[in-house]
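See below for the structure under consideration.
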Amino acid sequence: MSMILDDGFQEDSNYKLVEASKGKRLANYLIDGLIAQFFSFIAGMILGLSGSDEGQLFASLAGIAVYVGYYILFEHLNNGRTIGKIVTRTKVVTQTGGSPTVDSLIGRSFARLIPFEAFSFLGERNNGWHDRLSKTMVIDLDESELPLENDLL
């Protein structure tokens with residue numbers, strides 16, 4: 001069930017922001033998670049071939065960097081959309097419907113690494129800690145009306 005946001009998010013007469021449903025958010029998580037994990041695994045395997053303890057540590061850190069980088073790059077280069085968000089017709093916007101800054105996308109992406117962050121979706125809210133901390137939200141493009149600056153889908 002999607003809802004029109006009315007607390008903490010601005011609604012103007014020229015547009016409305018309808019939060020993506022938990023089902024779409026779960027689909028985004030699964031699609032993007034699989035893709036990001038695949039790239040992380042490949043990077044980790046390549047870097048971990050040395051067999052040394054330092055190489056294994058470096059491979060783990062590189063895997064995390066690739067995972068976080070996937071979200072930052074895709075959301076920045078594709079106007080707030082990863083592959084999962086393209087499939088589910090959702091996108092990341094600011095609380096007022098604008099395009100997020102690179103800084104907010106970086107914070108949003110690193111916040112995904114917070115332990116138990118996935119549990120922040122439990123309850124009535126459709127947004128997680130990575131949304132709240134970065135002051136962004138994921139909207140349903142089929143139900144939302146965006147400001148003109150953000151009309152590109």
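Residue numbering restarts at 1 in every chain; chains get A, B, ... in the order shown in the structure tokens, and ligands count up from 1 in that same order.
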Name all residues at most 9 Å from segment 123-130 of chain A (count only C-alpha atoms; drop same-chain ones fewer than 2 positions away) and give them as a list of chain:residue names.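 Result of the neighbour search: A:Ser2, A:Met3, A:Glu19, A:Ala20, A:Ser21, A:Lys22, A:Arg25, A:Gly107, A:Arg108, A:Ser109, A:Phe110, A:Ala111, A:Arg112, A:Ile114, A:Glu117, A:Ala118, A:Phe119, A:Ser120, A:Phe121, A:Arg132, A:Leu133, A:Ser134, A:Lys135, A:Thr136, A:Met137, A:Val138.
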If we count only C-alpha atoms, what is near Gly33 of chain A at a cut-off of 12 Å, once residues fewer than 6 positions away on the same chain are taken out, given as an MDAnalysis selection string? chainID A and resid 25:27 39:41 66:68 70:71 82:85 112 118
Those same residues - N, CA and C atoms - I'd like them written as a tab-separated table (two decimals), in the first residue's frame.
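Contents of again_24.tsv, freshly written:
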```tsv
chain	number	residue	atom	x	y	z
A	25	ARG	N	10.00	-1.73	-2.83
A	25	ARG	CA	11.29	-1.53	-2.15
A	25	ARG	C	12.00	-2.87	-1.97
A	26	LEU	N	11.25	-3.92	-1.66
A	26	LEU	CA	11.85	-5.24	-1.53
A	26	LEU	C	12.40	-5.72	-2.88
A	27	ALA	N	11.65	-5.50	-3.94
A	27	ALA	CA	12.12	-5.87	-5.28
A	27	ALA	C	13.40	-5.11	-5.62
A	39	PHE	N	29.04	-7.91	-8.67
A	39	PHE	CA	30.22	-7.08	-8.97
A	39	PHE	C	31.21	-7.10	-7.81
A	40	SER	N	30.72	-7.09	-6.58
A	40	SER	CA	31.59	-7.15	-5.41
A	40	SER	C	32.35	-8.47	-5.35
A	41	PHE	N	31.65	-9.55	-5.66
A	41	PHE	CA	32.27	-10.87	-5.65
A	41	PHE	C	33.39	-10.95	-6.69
A	66	VAL	N	32.91	-1.59	-4.01
A	66	VAL	CA	32.17	-1.83	-5.25
A	66	VAL	C	30.67	-1.85	-4.95
A	67	TYR	N	30.28	-2.47	-3.85
A	67	TYR	CA	28.87	-2.53	-3.46
A	67	TYR	C	28.30	-1.13	-3.26
A	68	VAL	N	28.99	-0.31	-2.48
A	68	VAL	CA	28.55	1.07	-2.23
A	68	VAL	C	28.62	1.88	-3.52
A	70	TYR	N	28.27	0.94	-6.57
A	70	TYR	CA	27.17	0.60	-7.48
A	70	TYR	C	26.00	1.56	-7.27
A	71	TYR	N	25.60	1.72	-6.01
A	71	TYR	CA	24.45	2.58	-5.71
A	71	TYR	C	24.75	4.05	-6.01
A	82	THR	N	18.56	3.06	-9.94
A	82	THR	CA	19.42	1.89	-10.14
A	82	THR	C	18.69	0.95	-11.10
A	83	ILE	N	19.29	-0.17	-11.39
A	83	ILE	CA	18.63	-1.15	-12.28
A	83	ILE	C	17.32	-1.62	-11.64
A	84	GLY	N	17.35	-1.89	-10.34
A	84	GLY	CA	16.12	-2.30	-9.65
A	84	GLY	C	15.04	-1.24	-9.71
A	85	LYS	N	15.43	0.01	-9.56
A	85	LYS	CA	14.45	1.10	-9.60
A	85	LYS	C	13.91	1.32	-11.01
A	112	ARG	N	23.60	2.10	4.05
A	112	ARG	CA	23.15	0.73	3.81
A	112	ARG	C	24.03	-0.28	4.55
A	118	ALA	N	18.38	-3.22	7.31
A	118	ALA	CA	17.21	-3.79	6.63
A	118	ALA	C	16.00	-3.87	7.56
```
Suppose you want the space between atom CA of Pro115 of chain A and atom CA of Asp32 of chain A; what is it in Å? 18.1 Å
